[in-house]
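Source file: upload_39.cif. Holds: mmCIF, C-alpha atoms and all ligand atoms.
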```cif
data_structure
loop_
_atom_site.label_atom_id
_atom_site.label_comp_id
_atom_site.auth_asym_id
_atom_site.auth_seq_id
_atom_site.Cartn_x
_atom_site.Cartn_y
_atom_site.Cartn_z
CA MET A 865 -29.59 -15.52 24.44
CA ALA A 866 -29.73 -12.24 22.47
CA SER A 867 -30.93 -12.65 18.90
CA VAL A 868 -28.46 -12.05 16.10
CA ASP A 869 -29.45 -9.88 13.12
CA ARG A 870 -29.25 -11.64 9.79
CA ALA A 871 -28.69 -10.00 6.43
CA GLU A 872 -28.35 -11.15 2.83
CA VAL A 873 -26.40 -9.12 0.31
CA ASP A 874 -24.88 -9.71 -3.09
CA SER A 875 -21.32 -8.84 -2.08
CA VAL A 876 -19.38 -8.39 1.13
CA VAL A 877 -16.03 -6.63 1.37
CA ILE A 878 -14.05 -7.24 4.56
CA GLY A 879 -11.87 -4.24 5.44
CA ALA A 880 -12.32 -0.51 4.80
CA GLY A 881 -8.73 0.32 3.89
CA VAL A 882 -7.88 1.72 0.48
CA ILE A 883 -8.10 -1.73 -1.13
CA GLY A 884 -11.47 -2.70 0.34
CA LEU A 885 -12.93 0.71 -0.45
CA ALA A 886 -11.64 0.64 -4.03
CA CYS A 887 -13.13 -2.85 -4.48
CA ALA A 888 -16.45 -1.83 -2.91
CA ARG A 889 -16.68 1.18 -5.22
CA ARG A 890 -15.92 -0.96 -8.25
CA ILE A 891 -18.47 -3.64 -7.33
CA ALA A 892 -21.11 -1.00 -6.54
CA HIS A 893 -20.45 0.56 -9.95
CA SER A 894 -21.18 -2.80 -11.56
CA GLY A 895 -24.66 -2.56 -10.08
CA ARG A 896 -24.29 -5.00 -7.18
CA GLU A 897 -25.32 -4.41 -3.61
CA VAL A 898 -22.22 -4.22 -1.36
CA LEU A 899 -21.73 -4.28 2.38
CA ILE A 900 -18.32 -3.24 3.75
CA LEU A 901 -17.47 -4.75 7.14
CA GLU A 902 -14.79 -2.89 9.09
CA ALA A 903 -13.53 -3.99 12.51
CA GLU A 904 -12.44 -0.53 13.65
CA GLY A 905 -14.51 2.60 14.33
CA ASP A 906 -13.37 4.42 11.19
CA ILE A 907 -12.28 3.78 7.62
CA GLY A 908 -8.60 3.75 6.70
CA SER A 909 -7.13 3.30 10.14
CA GLY A 910 -4.89 0.33 9.23
CA ILE A 911 -1.95 0.11 6.82
CA SER A 912 -3.61 2.74 4.65
CA ALA A 913 -3.16 5.33 7.42
CA ARG A 914 0.53 4.58 7.96
CA ASN A 915 2.49 4.79 4.75
CA SER A 916 4.49 7.23 2.61
CA GLU A 917 1.52 8.42 0.50
CA VAL A 918 3.66 8.17 -2.60
CA ILE A 919 2.17 7.49 -6.02
CA HIS A 920 4.85 5.14 -7.28
CA ALA A 921 5.95 5.03 -10.91
CA GLY A 922 6.44 1.22 -11.01
CA ILE A 923 10.23 1.11 -11.11
CA TYR A 924 11.31 -1.73 -8.88
CA TYR A 925 9.11 -4.75 -9.52
CA PRO A 926 9.83 -7.74 -11.78
CA THR A 927 8.34 -7.15 -15.23
CA GLY A 928 5.03 -8.96 -15.65
CA SER A 929 4.42 -9.27 -11.89
CA LEU A 930 1.15 -8.05 -10.43
CA LYS A 931 3.11 -5.35 -8.60
CA ALA A 932 4.62 -4.01 -11.85
CA ARG A 933 1.45 -4.26 -13.91
CA LEU A 934 -1.00 -2.96 -11.31
CA CYS A 935 1.30 -0.16 -10.16
CA VAL A 936 1.71 1.27 -13.67
CA ALA A 937 -1.98 0.83 -14.53
CA GLY A 938 -3.09 1.97 -11.07
CA ARG A 939 -0.94 5.09 -11.14
CA GLU A 940 -2.53 6.35 -14.35
CA LYS A 941 -6.00 5.60 -13.06
CA LEU A 942 -5.21 7.25 -9.74
CA TYR A 943 -4.00 10.54 -11.23
CA ALA A 944 -7.11 10.66 -13.44
CA TYR A 945 -9.34 9.79 -10.48
CA CYS A 946 -7.78 12.50 -8.31
CA THR A 947 -8.32 15.13 -11.01
CA GLU A 948 -11.91 14.07 -11.57
CA HIS A 949 -12.83 13.81 -7.88
CA ASN A 950 -10.80 16.65 -6.38
CA VAL A 951 -8.50 14.44 -4.35
CA THR A 952 -5.18 16.21 -3.77
CA ALA A 953 -2.27 14.62 -5.61
CA ARG A 954 0.88 16.23 -6.90
CA LYS A 955 3.38 14.89 -9.48
CA VAL A 956 6.47 16.16 -7.66
CA GLY A 957 8.88 13.70 -9.31
CA LYS A 958 11.59 11.61 -7.76
CA LEU A 959 15.34 11.19 -8.02
CA VAL A 960 16.89 7.77 -7.45
CA VAL A 961 20.50 8.41 -6.47
CA ALA A 962 23.77 6.51 -6.46
CA THR A 963 26.16 7.84 -3.85
CA ARG A 964 29.05 5.42 -4.38
CA SER A 965 30.65 4.35 -7.67
CA GLU A 966 29.94 0.68 -7.00
CA GLN A 967 26.21 1.51 -7.08
CA ILE A 968 26.30 2.77 -10.68
CA PRO A 969 25.70 -0.63 -12.36
CA ALA A 970 22.72 -1.20 -10.03
CA LEU A 971 21.35 2.27 -10.84
CA HIS A 972 21.50 1.47 -14.58
CA LYS A 973 19.91 -1.91 -13.98
CA LEU A 974 17.10 -0.33 -12.00
CA MET A 975 16.42 2.12 -14.78
CA GLU A 976 16.32 -0.72 -17.32
CA GLN A 977 13.89 -2.54 -15.04
CA ALA A 978 11.71 0.56 -14.89
CA ARG A 979 11.76 0.93 -18.69
CA ALA A 980 10.82 -2.72 -19.11
CA ASN A 981 7.87 -2.01 -16.80
CA GLN A 982 6.76 0.79 -19.18
CA VAL A 983 7.55 3.60 -16.74
CA GLU A 984 7.54 6.76 -18.83
CA ASP A 985 9.91 9.72 -19.20
CA LEU A 986 12.87 8.42 -17.17
CA ALA A 987 16.13 10.31 -17.58
CA LEU A 988 19.60 9.39 -16.42
CA ILE A 989 21.33 12.51 -15.12
CA SER A 990 24.83 13.45 -13.96
CA ALA A 991 25.73 14.65 -10.48
CA ASP A 992 25.86 18.25 -11.79
CA GLU A 993 22.45 17.99 -13.39
CA ALA A 994 21.05 16.49 -10.19
CA ARG A 995 22.52 19.36 -8.16
CA LYS A 996 20.91 21.87 -10.53
CA LEU A 997 17.55 20.29 -9.71
CA GLU A 998 18.30 19.86 -6.00
CA PRO A 999 21.20 22.04 -4.80
CA GLU A 1000 21.53 20.26 -1.41
CA LEU A 1001 21.84 16.80 -2.96
CA SER A 1002 25.09 14.87 -2.95
CA CYS A 1003 25.33 11.99 -5.43
CA ILE A 1004 27.50 10.74 -8.25
CA ALA A 1005 24.65 9.91 -10.65
CA ALA A 1006 20.87 9.69 -10.55
CA PHE A 1007 17.78 9.07 -12.59
CA HIS A 1008 14.72 11.24 -12.60
CA SER A 1009 11.18 9.86 -12.60
CA PRO A 1010 8.82 12.77 -13.26
CA VAL A 1011 5.62 10.71 -12.98
CA THR A 1012 6.15 9.84 -9.29
CA GLY A 1013 3.96 11.88 -6.95
CA ILE A 1014 2.27 12.25 -3.59
CA ILE A 1015 -1.36 11.91 -2.60
CA ASP A 1016 -3.77 12.62 0.22
CA ALA A 1017 -4.50 8.95 1.04
CA HIS A 1018 -7.29 9.71 3.50
CA GLY A 1019 -8.92 12.07 1.02
CA LEU A 1020 -8.79 9.28 -1.54
CA MET A 1021 -10.46 6.82 0.84
CA LEU A 1022 -13.22 9.28 1.74
CA SER A 1023 -13.85 9.83 -1.95
CA LEU A 1024 -13.94 6.09 -2.73
CA LEU A 1025 -16.38 5.52 0.13
CA GLY A 1026 -18.56 8.42 -1.04
CA GLU A 1027 -18.63 7.01 -4.57
CA ALA A 1028 -19.45 3.51 -3.32
CA GLU A 1029 -22.22 4.81 -1.05
CA ALA A 1030 -23.66 6.91 -3.87
CA ARG A 1031 -24.15 3.61 -5.74
CA GLY A 1032 -25.85 1.98 -2.77
CA ALA A 1033 -22.94 0.42 -0.85
CA ALA A 1034 -23.25 0.35 2.94
CA LEU A 1035 -20.49 0.53 5.56
CA ALA A 1036 -20.67 -1.20 8.94
CA LEU A 1037 -18.05 0.02 11.45
CA HIS A 1038 -17.11 -1.84 14.66
CA ALA A 1039 -17.95 -4.96 12.66
CA PRO A 1040 -15.10 -7.48 13.01
CA VAL A 1041 -15.59 -10.68 11.01
CA GLU A 1042 -14.92 -13.53 13.42
CA ARG A 1043 -15.59 -16.61 11.34
CA GLY A 1044 -17.54 -17.91 8.38
CA TRP A 1045 -18.79 -20.98 6.58
CA MET A 1046 -20.02 -22.02 3.14
CA GLU A 1047 -23.72 -22.62 2.52
CA ASP A 1048 -24.94 -25.50 0.35
CA ASP A 1049 -25.86 -23.08 -2.44
CA GLY A 1050 -22.25 -21.80 -2.64
CA ARG A 1051 -22.84 -18.57 -0.75
CA VAL A 1052 -20.78 -17.68 2.30
CA THR A 1053 -22.09 -16.67 5.73
CA LEU A 1054 -19.99 -14.49 7.99
CA ALA A 1055 -20.39 -14.17 11.75
CA VAL A 1056 -19.70 -10.57 12.69
CA ALA A 1057 -18.95 -9.70 16.33
CA GLY A 1058 -18.93 -6.24 17.91
CA ALA A 1059 -21.61 -4.26 19.72
CA GLU A 1060 -24.31 -5.47 17.32
CA PRO A 1061 -23.44 -9.02 16.30
CA MET A 1062 -24.88 -10.18 12.98
CA GLN A 1063 -24.67 -12.88 10.37
CA VAL A 1064 -24.29 -11.86 6.75
CA THR A 1065 -24.81 -14.21 3.82
CA ALA A 1066 -23.33 -13.16 0.47
CA ARG A 1067 -22.83 -14.50 -3.02
CA ARG A 1068 -19.45 -12.74 -3.33
CA LEU A 1069 -16.73 -12.09 -0.79
CA VAL A 1070 -13.64 -9.90 -1.00
CA ASN A 1071 -11.17 -10.37 1.84
CA ALA A 1072 -9.26 -7.07 1.94
CA ALA A 1073 -8.46 -7.21 5.65
CA GLY A 1074 -4.81 -6.18 5.29
CA LEU A 1075 -2.90 -7.44 8.32
CA GLY A 1076 -6.05 -9.42 9.22
CA ALA A 1077 -6.44 -11.18 5.85
CA GLN A 1078 -4.74 -14.43 6.85
CA GLY A 1079 -6.76 -14.57 10.09
CA VAL A 1080 -10.03 -14.07 8.19
CA ALA A 1081 -9.18 -16.79 5.65
CA ARG A 1082 -8.20 -19.23 8.41
CA ALA A 1083 -11.51 -18.58 10.19
CA LEU A 1084 -13.51 -19.53 7.07
CA GLN A 1085 -14.60 -23.15 7.32
CA GLY A 1086 -13.97 -24.79 3.96
CA TYR A 1087 -11.13 -22.44 2.92
CA PRO A 1088 -8.07 -24.59 2.19
CA ALA A 1089 -5.74 -23.84 5.12
CA ASP A 1090 -2.65 -24.79 3.11
CA LEU A 1091 -3.41 -21.90 0.73
CA VAL A 1092 -3.22 -19.25 3.46
CA PRO A 1093 0.25 -17.71 3.14
CA PRO A 1094 2.36 -16.91 6.18
CA LEU A 1095 2.24 -13.37 7.59
CA HIS A 1096 5.38 -11.54 8.72
CA TYR A 1097 5.37 -8.01 10.06
CA ALA A 1098 8.03 -5.66 8.63
CA LYS A 1099 7.65 -2.42 10.52
CA GLY A 1100 8.67 0.79 8.78
CA ASN A 1101 9.63 3.72 11.02
CA TYR A 1102 9.56 7.36 9.93
CA PHE A 1103 11.40 10.40 11.25
CA SER A 1104 10.29 13.92 10.43
CA LEU A 1105 12.42 16.96 9.75
CA GLY A 1106 11.57 20.27 11.39
CA GLY A 1107 11.52 23.43 9.23
CA ARG A 1108 11.46 23.70 5.48
CA SER A 1109 12.27 20.72 3.31
CA PRO A 1110 15.72 20.97 1.69
CA PHE A 1111 14.37 19.18 -1.42
CA SER A 1112 11.40 19.73 -3.68
CA ARG A 1113 11.42 16.22 -5.16
CA LEU A 1114 11.37 12.82 -3.49
CA ILE A 1115 14.90 11.48 -3.00
CA TYR A 1116 15.50 7.72 -2.94
CA PRO A 1117 18.81 5.96 -2.35
CA MET A 1118 19.40 2.56 -3.96
CA PRO A 1119 16.87 0.01 -2.62
CA GLU A 1120 17.76 -2.41 0.18
CA ALA A 1121 16.64 -5.96 1.02
CA ALA A 1122 12.99 -5.52 2.17
CA GLY A 1123 12.34 -1.84 1.50
CA LEU A 1124 13.28 1.04 -0.75
CA GLY A 1125 16.01 2.46 1.52
CA VAL A 1126 15.63 5.40 3.92
CA HIS A 1127 14.23 7.92 1.47
CA LEU A 1128 12.91 11.42 1.68
CA THR A 1129 9.26 11.98 0.95
CA LEU A 1130 7.24 15.14 1.20
CA ASP A 1131 3.76 15.56 2.54
CA LEU A 1132 1.29 17.78 0.75
CA ALA A 1133 2.14 20.65 3.12
CA GLY A 1134 5.76 20.46 1.92
CA GLN A 1135 7.16 18.96 5.15
CA ALA A 1136 9.92 16.38 4.73
CA ARG A 1137 9.98 13.00 6.38
CA PHE A 1138 12.45 10.16 6.11
CA GLY A 1139 11.79 6.46 6.10
CA PRO A 1140 10.52 3.88 6.25
CA ASP A 1141 13.31 1.62 7.48
CA VAL A 1142 12.79 -2.14 7.88
CA GLU A 1143 12.34 -3.62 11.36
CA TRP A 1144 11.08 -7.22 11.40
CA THR A 1145 8.85 -7.72 14.44
CA ASP A 1146 6.23 -10.10 15.77
CA ARG A 1147 4.08 -7.42 17.44
CA LEU A 1148 1.60 -4.88 16.11
CA ASP A 1149 3.31 -2.01 17.87
CA TYR A 1150 3.47 1.41 16.21
CA ASP A 1151 5.83 3.20 18.62
CA VAL A 1152 8.96 4.60 17.02
CA ASP A 1153 12.10 3.89 19.02
CA ALA A 1154 14.12 7.14 18.95
CA ARG A 1155 17.34 5.09 19.04
CA ARG A 1156 16.69 3.96 15.48
CA GLY A 1157 17.43 7.59 14.51
CA ASP A 1158 21.20 6.91 14.56
CA ALA A 1159 20.98 4.68 11.51
CA PHE A 1160 18.78 7.31 9.80
CA TYR A 1161 21.40 10.04 10.21
CA ALA A 1162 24.05 7.82 8.62
CA ALA A 1163 21.82 6.72 5.72
CA ILE A 1164 20.52 10.22 4.95
CA ARG A 1165 23.93 11.93 5.13
CA ALA A 1166 25.06 9.68 2.26
CA TYR A 1167 22.90 11.89 -0.02
CA TRP A 1168 22.31 14.96 2.19
CA PRO A 1169 25.53 15.71 4.08
CA ALA A 1170 24.12 18.97 5.52
CA LEU A 1171 21.68 17.14 7.82
CA ARG A 1172 22.23 18.65 11.28
CA ASP A 1173 22.51 16.62 14.47
CA GLY A 1174 19.21 16.67 16.33
CA ALA A 1175 17.15 17.68 13.26
CA LEU A 1176 15.14 14.43 13.10
CA GLN A 1177 12.15 13.63 15.29
CA PRO A 1178 10.49 10.20 15.65
CA ALA A 1179 7.24 10.49 13.67
CA TYR A 1180 5.15 7.38 13.04
CA ALA A 1181 5.40 3.77 11.88
CA GLY A 1182 3.52 1.44 9.57
CA ILE A 1183 3.61 -2.33 9.30
CA ARG A 1184 4.06 -4.12 5.98
CA PRO A 1185 2.03 -7.34 5.63
CA LYS A 1186 4.88 -9.44 4.22
CA ILE A 1187 4.17 -12.95 3.03
CA GLN A 1188 7.84 -13.82 2.78
CA ALA A 1189 10.09 -14.52 5.74
CA PRO A 1190 12.89 -12.11 6.70
CA GLY A 1191 15.92 -12.52 4.48
CA THR A 1192 14.05 -14.24 1.62
CA ALA A 1193 13.23 -12.81 -1.81
CA ALA A 1194 10.36 -10.34 -2.18
CA LEU A 1195 7.07 -11.90 -3.27
CA ASP A 1196 4.32 -10.56 -5.48
CA PHE A 1197 0.83 -9.46 -4.38
CA ARG A 1198 -1.49 -12.43 -3.92
CA ILE A 1199 -4.97 -11.87 -5.35
CA ASP A 1200 -6.41 -15.34 -4.89
CA GLY A 1201 -9.64 -15.98 -6.77
CA PRO A 1202 -11.60 -19.19 -7.39
CA GLU A 1203 -8.91 -20.40 -9.81
CA VAL A 1204 -6.61 -20.72 -6.76
CA HIS A 1205 -8.88 -21.91 -3.93
CA GLY A 1206 -11.87 -23.31 -5.79
CA LEU A 1207 -14.49 -21.30 -3.89
CA PRO A 1208 -16.78 -19.48 -6.33
CA GLY A 1209 -17.34 -15.78 -5.74
CA GLN A 1210 -14.40 -15.27 -3.36
CA VAL A 1211 -11.22 -13.24 -3.70
CA HIS A 1212 -8.64 -13.10 -0.91
CA LEU A 1213 -5.86 -10.51 -0.98
CA TYR A 1214 -2.56 -11.18 0.76
CA GLY A 1215 0.73 -9.33 0.99
CA ILE A 1216 -0.70 -6.02 -0.24
CA GLU A 1217 2.29 -3.95 0.77
CA SER A 1218 3.75 -1.11 -1.30
CA PRO A 1219 2.76 -0.21 -4.04
CA GLY A 1220 -0.75 -1.13 -2.86
CA LEU A 1221 -1.97 2.44 -2.45
CA THR A 1222 -0.81 3.37 -5.96
CA SER A 1223 -2.28 0.16 -7.38
CA SER A 1224 -5.60 0.31 -5.52
CA LEU A 1225 -7.86 1.17 -8.47
CA ALA A 1226 -6.17 -1.41 -10.71
CA ILE A 1227 -6.35 -4.02 -7.93
CA ALA A 1228 -10.09 -3.35 -7.74
CA ASP A 1229 -10.39 -4.04 -11.49
CA GLU A 1230 -8.41 -7.24 -11.07
CA VAL A 1231 -10.61 -8.36 -8.18
CA THR A 1232 -13.85 -7.75 -10.09
CA ALA A 1233 -12.42 -9.65 -13.07
CA ARG A 1234 -11.63 -12.63 -10.83
CA LEU A 1235 -15.16 -12.41 -9.43
CA GLY A 1236 -16.45 -12.66 -12.99
CA LEU A 1237 -18.01 -9.18 -12.86
CA ASP A 1238 -17.70 -6.77 -15.76
C1 LIG A 1301 5.46 1.63 5.84
C2 LIG A 1301 4.62 1.54 4.60
C3 LIG A 1301 4.80 2.45 3.56
C4 LIG A 1301 4.03 2.36 2.41
N1 LIG A 1301 4.17 3.32 1.44
C5 LIG A 1301 3.42 3.25 0.32
C6 LIG A 1301 3.52 4.25 -0.68
O1 LIG A 1301 4.19 5.25 -0.52
N2 LIG A 1301 2.82 4.07 -1.83
C7 LIG A 1301 2.04 2.99 -2.04
O2 LIG A 1301 1.47 2.85 -3.13
N3 LIG A 1301 1.87 2.05 -1.08
C8 LIG A 1301 2.53 2.17 0.10
N4 LIG A 1301 2.38 1.24 1.08
C9 LIG A 1301 1.41 0.17 0.88
C10 LIG A 1301 -0.02 0.61 1.15
O3 LIG A 1301 -0.09 1.44 2.29
C11 LIG A 1301 -0.88 -0.65 1.34
O4 LIG A 1301 -0.71 -1.50 0.23
C12 LIG A 1301 -2.35 -0.34 1.47
O5 LIG A 1301 -2.59 0.71 2.36
C13 LIG A 1301 -3.06 -1.62 1.96
O6 LIG A 1301 -4.41 -1.32 2.13
P1 LIG A 1301 -5.40 -2.44 2.65
O7 LIG A 1301 -6.77 -1.89 2.41
O8 LIG A 1301 -5.05 -3.76 2.05
O9 LIG A 1301 -5.09 -2.61 4.20
P2 LIG A 1301 -5.60 -1.72 5.44
O10 LIG A 1301 -5.53 -0.30 5.16
O11 LIG A 1301 -4.88 -2.22 6.64
O12 LIG A 1301 -7.13 -2.10 5.54
C14 LIG A 1301 -7.55 -3.35 6.05
C15 LIG A 1301 -8.73 -3.10 6.94
O13 LIG A 1301 -9.28 -4.35 7.33
C16 LIG A 1301 -9.73 -4.23 8.67
N5 LIG A 1301 -9.84 -5.59 9.23
C17 LIG A 1301 -8.84 -6.43 9.60
N6 LIG A 1301 -9.36 -7.59 10.08
C18 LIG A 1301 -10.71 -7.48 9.99
C19 LIG A 1301 -11.79 -8.33 10.34
N7 LIG A 1301 -11.60 -9.57 10.84
N8 LIG A 1301 -13.06 -7.89 10.15
C20 LIG A 1301 -13.31 -6.65 9.62
N9 LIG A 1301 -12.30 -5.79 9.28
C21 LIG A 1301 -11.03 -6.20 9.48
C22 LIG A 1301 -8.67 -3.38 9.34
O14 LIG A 1301 -9.18 -2.77 10.50
C23 LIG A 1301 -8.34 -2.38 8.24
O15 LIG A 1301 -9.09 -1.19 8.34
C24 LIG A 1301 3.10 1.32 2.26
C25 LIG A 1301 2.91 0.41 3.30
C26 LIG A 1301 3.65 0.52 4.47
C27 LIG A 1301 3.42 -0.43 5.60
#
```

Show me, as structure tokens, the structure contained in the file I just sent.
Amino acid sequence: MASVDRAEVDSVVIGAGVIGLACARRIAHSGREVLILEAEGDIGSGISARNSEVIHAGIYYPTGSLKARLCVAGREKLYAYCTEHNVTARKVGKLVVATRSEQIPALHKLMEQARANQVEDLALISADEARKLEPELSCIAAFHSPVTGIIDAHGLMLSLLGEAEARGAALALHAPVERGWMEDDGRVTLAVAGAEPMQVTARRLVNAAGLGAQGVARALQGYPADLVPPLHYAKGNYFSLGGRSPFSRLIYPMPEAAGLGVHLTLDLAGQARFGPDVEWTDRLDYDVDARRGDAFYAAIRAYWPALRDGALQPAYAGIRPKIQAPGTAALDFRIDGPEVHGLPGQVHLYGIESPGLTSSLAIADEVTARLGLD
């Protein structure tokens, strides 16, 4: 039998998406040795590669929830980080629009929610004022969030990795964690498969495996199985628009059950894309079914009537790691530390859907706090 390499480190982070990389950077900055284990051949190829790349303001989430708190704190940290580290981000602003009179009370309520979450500089504007900002927009009222922006998510991840590595962190690619167990001294040992199988023993463990987080937790002997939340896939499909974008700000309709409605976002090159919609599925399949375009045309024309037939092209899809079942109320991020599962030195992250990218630096602070690090 081939021998298996063994390693001992202070901290292991499972997953090199934006959350794992932000945590690894933060732990490395606190002076601990960190090993990042990533199943795929590159960083940021999971959920972090398939999203809207929006820096959210923090509008939608219940006040006091992790999503509200970490989005607002994370946004500020993220803009500052991007400036300091030359990661491209742009505060383009966003309009949330009501297109039917019966949506007005909900628009006001949403703005109150945003204010309660300490989102700054919001302004309620009339249809005329909205049209002055965005001449192609059709709505009956809107509010403007100037602090919302867009970011180069891959650039951010490269920067976080660079910062972590500069403080001594190491990254192992093609390193899927298969299972693990607790040692008598409280440390955890992970069995890592792949081309070069190894066993890693660590004092601290961060499970930031995204869509794989529940699987990792279940494969850890001694982790209470009843504390692993369910995992439901809510696919979000995007369609892109050829030519110049008709809008210079992000345009969001009123939110729907499991997503924010088919909205318009811009990439950093100024191209417009629409989405994501919500398609509950039980497969990790990223193909975009062109037939879903019909519903996009209808949803978009509610706020942009000039959309031409045939203008939309299927683009890409991402999958939200929902911990609630279809049709049930949205749940908060789960950042489960020892106070939840009783295992010292371990934090498991579940349900890190939107606004996870925006919140990533604040999530990393929260994780290190739960690990008892400074
Ligand atoms: C459609 C969509 C739109 C979104 N839009 C936004 C937005 O505009 N703004 C925003 O703030 N947020 C947005 N989000 C949320 C944001 O993208 C996520 O919160 C964030 O990317 C999650 O990052 P992660 O590191 O947890 O997961 P991932 O990026 O998936 O990283 C997890 C990593 O773990 C690895 N892994 C899995 N299992 C194992 C294993 N056993 N061993 C080793 N490695 C493993 C995976 O390969 C992967 O690389 C959106 C999400 C979706 C789905």

Item to check | Surrounding residues of range 1084-1093 of chain A excluding itself and chain neighbours under 2 positions, 10 Å, all atoms listed in the file, as a ChimeraX atom specification | outcome: /A:1041-1046,1052-1055,1077-1082,1095-1096,1186-1188,1198,1200,1204-1207,1212,1214-1215

Next on the checklist: What residues of the protein or nucleic acid chains come within 6 Å of ligand LIG 1301 (chain A) when you use all atoms listed in the file? Reply as a VMD selection string.
Outcome noted: chain A and resid 878 to 884 901 to 904 907 to 912 915 to 920 1039 to 1042 1072 to 1076 1080 1100 1140 1182 to 1184 1216 to 1222

Item to check | Using all atoms listed in the file: which of A:Arg1156, A:Ser875, A:Met1118, A:Gly905 has the shortest distance to Glu966 in chain A | outcome: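 Checking each candidate against Glu966 in chain A, we get A:Met1118 as the closest.
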
Checklist entry - If we count only C-alpha atoms, what is near range 975-980 of chain A at a cut-off of 7 Å, once residues fewer than 6 positions away on the same chain are taken out, given as a PyMOL selection string? => result chain A and resi 922-924+927

Please return as a PDB file with C-alpha atoms, keeping the file's coordinate frame every residue within 8 Å of (16.0, 6.6, 1.7), taking into account all atoms listed in the file and the file's own coordinates.
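Just written: part37.pdb:
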```pdb
ATOM      1  CA  ILE A1115      14.900  11.480  -3.000  1.00  0.00           C
ATOM      2  CA  TYR A1116      15.500   7.720  -2.940  1.00  0.00           C
ATOM      3  CA  PRO A1117      18.810   5.960  -2.350  1.00  0.00           C
ATOM      4  CA  MET A1118      19.400   2.560  -3.960  1.00  0.00           C
ATOM      5  CA  PRO A1119      16.870   0.010  -2.620  1.00  0.00           C
ATOM      6  CA  LEU A1124      13.280   1.040  -0.750  1.00  0.00           C
ATOM      7  CA  GLY A1125      16.010   2.460   1.520  1.00  0.00           C
ATOM      8  CA  VAL A1126      15.630   5.400   3.920  1.00  0.00           C
ATOM      9  CA  HIS A1127      14.230   7.920   1.470  1.00  0.00           C
ATOM     10  CA  LEU A1128      12.910  11.420   1.680  1.00  0.00           C
ATOM     11  CA  PHE A1138      12.450  10.160   6.110  1.00  0.00           C
ATOM     12  CA  GLY A1139      11.790   6.460   6.100  1.00  0.00           C
ATOM     13  CA  PRO A1140      10.520   3.880   6.250  1.00  0.00           C
ATOM     14  CA  ALA A1163      21.820   6.720   5.720  1.00  0.00           C
ATOM     15  CA  ILE A1164      20.520  10.220   4.950  1.00  0.00           C
TER      16      ILE A1164
END
```

Next on the checklist: Taking all atoms listed in the file into account, name the residue in A:Cys946, A:Ala991, A:Ala1030, A:Ala937 that is nearest to Val961 in chain A.
Outcome noted: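 Of A:Cys946, A:Ala991, A:Ala1030, A:Ala937, the one nearest Val961 in chain A, counting all atoms listed in the file, is A:Ala991.
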
Checklist entry - Could you state the separation of CA of Thr1129 in chain A and CA of Ala1006 in chain A in Å, given to one decimal place? => result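 These two atoms are separated by 16.5 Å.
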
Checklist entry - Using all atoms listed in the file, which residue out of A:Ala1154, A:Ala913, A:Gln967, A:Asn1071 lies closest to His1018 in chain A? => result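 Going through A:Ala1154, A:Ala913, A:Gln967, A:Asn1071 one by one, the smallest distance to His1018 in chain A is for A:Ala913.
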
Checklist entry - CA of Thr1232 in chain A and CA of Asp1048 in chain A, how far apart in Å? => result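 Taking CA of Asp1048 in chain A and CA of Thr1232 in chain A, their separation equals 23.4 Å.
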
Checklist entry - Expressed in Å to a single decimal, how great is the separation between CA of Asp1131 in chain A and CA of Ile1015 in chain A? => result 8.1 Å

Let me have the centre and edge lengths of the axis-aligned box enclosing all listed atoms of range 960-966 of chain A with 4 Å padding on every side, in Å to one decimal, as lines of an AutoDock Vina configuration file.
```
center_x = 23.8
center_y = 4.5
center_z = -5.8
size_x = 21.8
size_y = 15.7
size_z = 11.8
```

Checklist entry - How would you write as a list in words the residues that get within 9 Å of (-12.2, -4.2, -10.7) in the file's frame, counting all atoms listed in the file? => result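 Output of the proximity query reads Ala886, Cys887, Arg889, Arg890, Ile891, Leu1225, Ala1226, Ile1227, Ala1228, Asp1229, Glu1230, Val1231, Thr1232, Ala1233, Arg1234, Leu1235, Leu1237 and Asp1238 of chain A.
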
Item to check | Closest of A:Lys973, A:Arg1108, A:Arg939, A:His893 to Pro926 in chain A - atom-to-atom distances counting all atoms listed in the file | outcome: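 Going through A:Lys973, A:Arg1108, A:Arg939, A:His893 one by one, the smallest distance to Pro926 in chain A is for A:Lys973.
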
Next on the checklist: Counting only C-alpha atoms, which residue out of A:His1008, A:Arg1137, A:His972, A:His949 sits closest to Leu986 in chain A?
Outcome noted: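 Closest candidate: A:His1008.
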
Next on the checklist: Between A:Val1056, A:Leu1001, A:Leu971, A:Val1011, which residue has the minimum interatomic distance to Asp869 in chain A, considering all atoms listed in the file?
Outcome noted: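 Smallest separation from Asp869 in chain A among the options: A:Val1056.
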
Next on the checklist: What's around Gln1135 in chain A at 8 Å? Count all atoms listed in the file, leave out sequence neighbours fewer than 4 positions away in its own chain, and write the answer as an NGL selection string.
Outcome noted: :A and (1104-1109 or 1130-1131)

Produce a file of the selected residues containing C-alpha atoms, as an mmCIF file, keeping the file's coordinate frame.
```
data_model
loop_
_atom_site.group_PDB
_atom_site.id
_atom_site.type_symbol
_atom_site.label_atom_id
_atom_site.label_comp_id
_atom_site.auth_asym_id
_atom_site.auth_seq_id
_atom_site.Cartn_x
_atom_site.Cartn_y
_atom_site.Cartn_z
ATOM 1 C CA SER A 1104 10.290 13.920 10.430
ATOM 2 C CA LEU A 1105 12.420 16.960 9.750
ATOM 3 C CA GLY A 1106 11.570 20.270 11.390
ATOM 4 C CA GLY A 1107 11.520 23.430 9.230
ATOM 5 C CA ARG A 1108 11.460 23.700 5.480
ATOM 6 C CA SER A 1109 12.270 20.720 3.310
ATOM 7 C CA LEU A 1130 7.240 15.140 1.200
ATOM 8 C CA ASP A 1131 3.760 15.560 2.540
#
```
